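The structure appears below as structure tokens.
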Amino acid sequence: MRRASCSARFGRTKVKPRFIVFALLAHVAIPPAAAQENARGEWHATNNDCFIQAFVLGDGAMASVSFSNGVGERRARWTWGTDGLNIVSDNRGVLLMDGHYEDTVLVAEVDYSTTDDVDFRTCRFTR
């Protein structure tokens with residue numbers, strides 16, 4: 001098996017293929033801080049089947065959420081960590097978790113349960 005190499009002005013330098021892959025991935029991945037800044041604003045479910053129909057991520061980690069049953073939650077809090085976007089409320093607990101980008105769509109697990117049980121299902125959101 002032959003190693004990849006590239007020409008340099010003053011000779012030849014060998015570069016391992018794994019290094020190239022890691023360098024490219026570092027430029028493609030969105031760091032959590034940048035993803036958090038890009039997430040601010042209004043998001044709408046891409047279909048009517050999602051329990052969360054819309055949410056707004058505001059400054060100071062505040063969020064407001066509209067549910068398909070017509071009820072809203074205005075005092076929710078949001079974070080974007082290494083596991084993605086999470087929205088929680090004092091009334092219902094975790095509303096949305098593991099939010100991440102797939103192209104321009106935000107994909108997340110949403111709690112559909114109206115009781116203390118947990119029933120997470122995947123939903124997609126766009127601006």
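Chain labels A, B, ... are given in the sequence in which chains occur in the structure tokens; within each chain residues are numbered consecutively from 1, and ligands are likewise numbered from 1 in the order shown.
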
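Proximity to region 91-99 of chain A at 7 Å, evaluated using only C-alpha atoms and with sequence-adjacent residues fewer than 3 positions away removed, yields Asp83, Gly84, Leu85, Asn86, Ile87, Val88, Leu106, Val107, Ala108, Glu109, Val110 and Asp111 of chain A.
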
The residue from A:Gly72, A:Arg77, A:Thr114, A:Ser66 with the smallest atom-to-atom distance to Ala45 (chain A), counting only C-alpha atoms, is A:Ser66

* **10 Å contact set for Asn47 (chain A), only C-alpha atoms, chain neighbours under 3 positions out, as an NGL selection string** => :A and (44 or 50-51 or 53 or 123-125)

Here CA of Asp59 (chain A) and CA of Val118 (chain A) stand apart by 28.2 Å

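The interatomic distance for the pair CA of Thr82 (chain A) and CA of Tyr101 (chain A) works out to 12.8 Å.
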
One-decimal distance in Å that lies between CA of Gly60 (chain A) and CA of Asp117 (chain A):
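Straight-line distance from CA of Asp117 (chain A) to CA of Gly60 (chain A) works out to 29.1 Å.
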
If you count only C-alpha atoms, the residue of A:Ile52, A:Ala39, A:Val105, A:Leu57 closest to Gly70 (chain A) turns out to be A:Ile52

Given only C-alpha atoms as the basis, pick out the residue of A:Arg127, A:Ser113, A:Phe120, A:Val56 nearest to Ala76 (chain A).
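Between A:Arg127, A:Ser113, A:Phe120, A:Val56, the residue approaching Ala76 (chain A) most closely is A:Val56.
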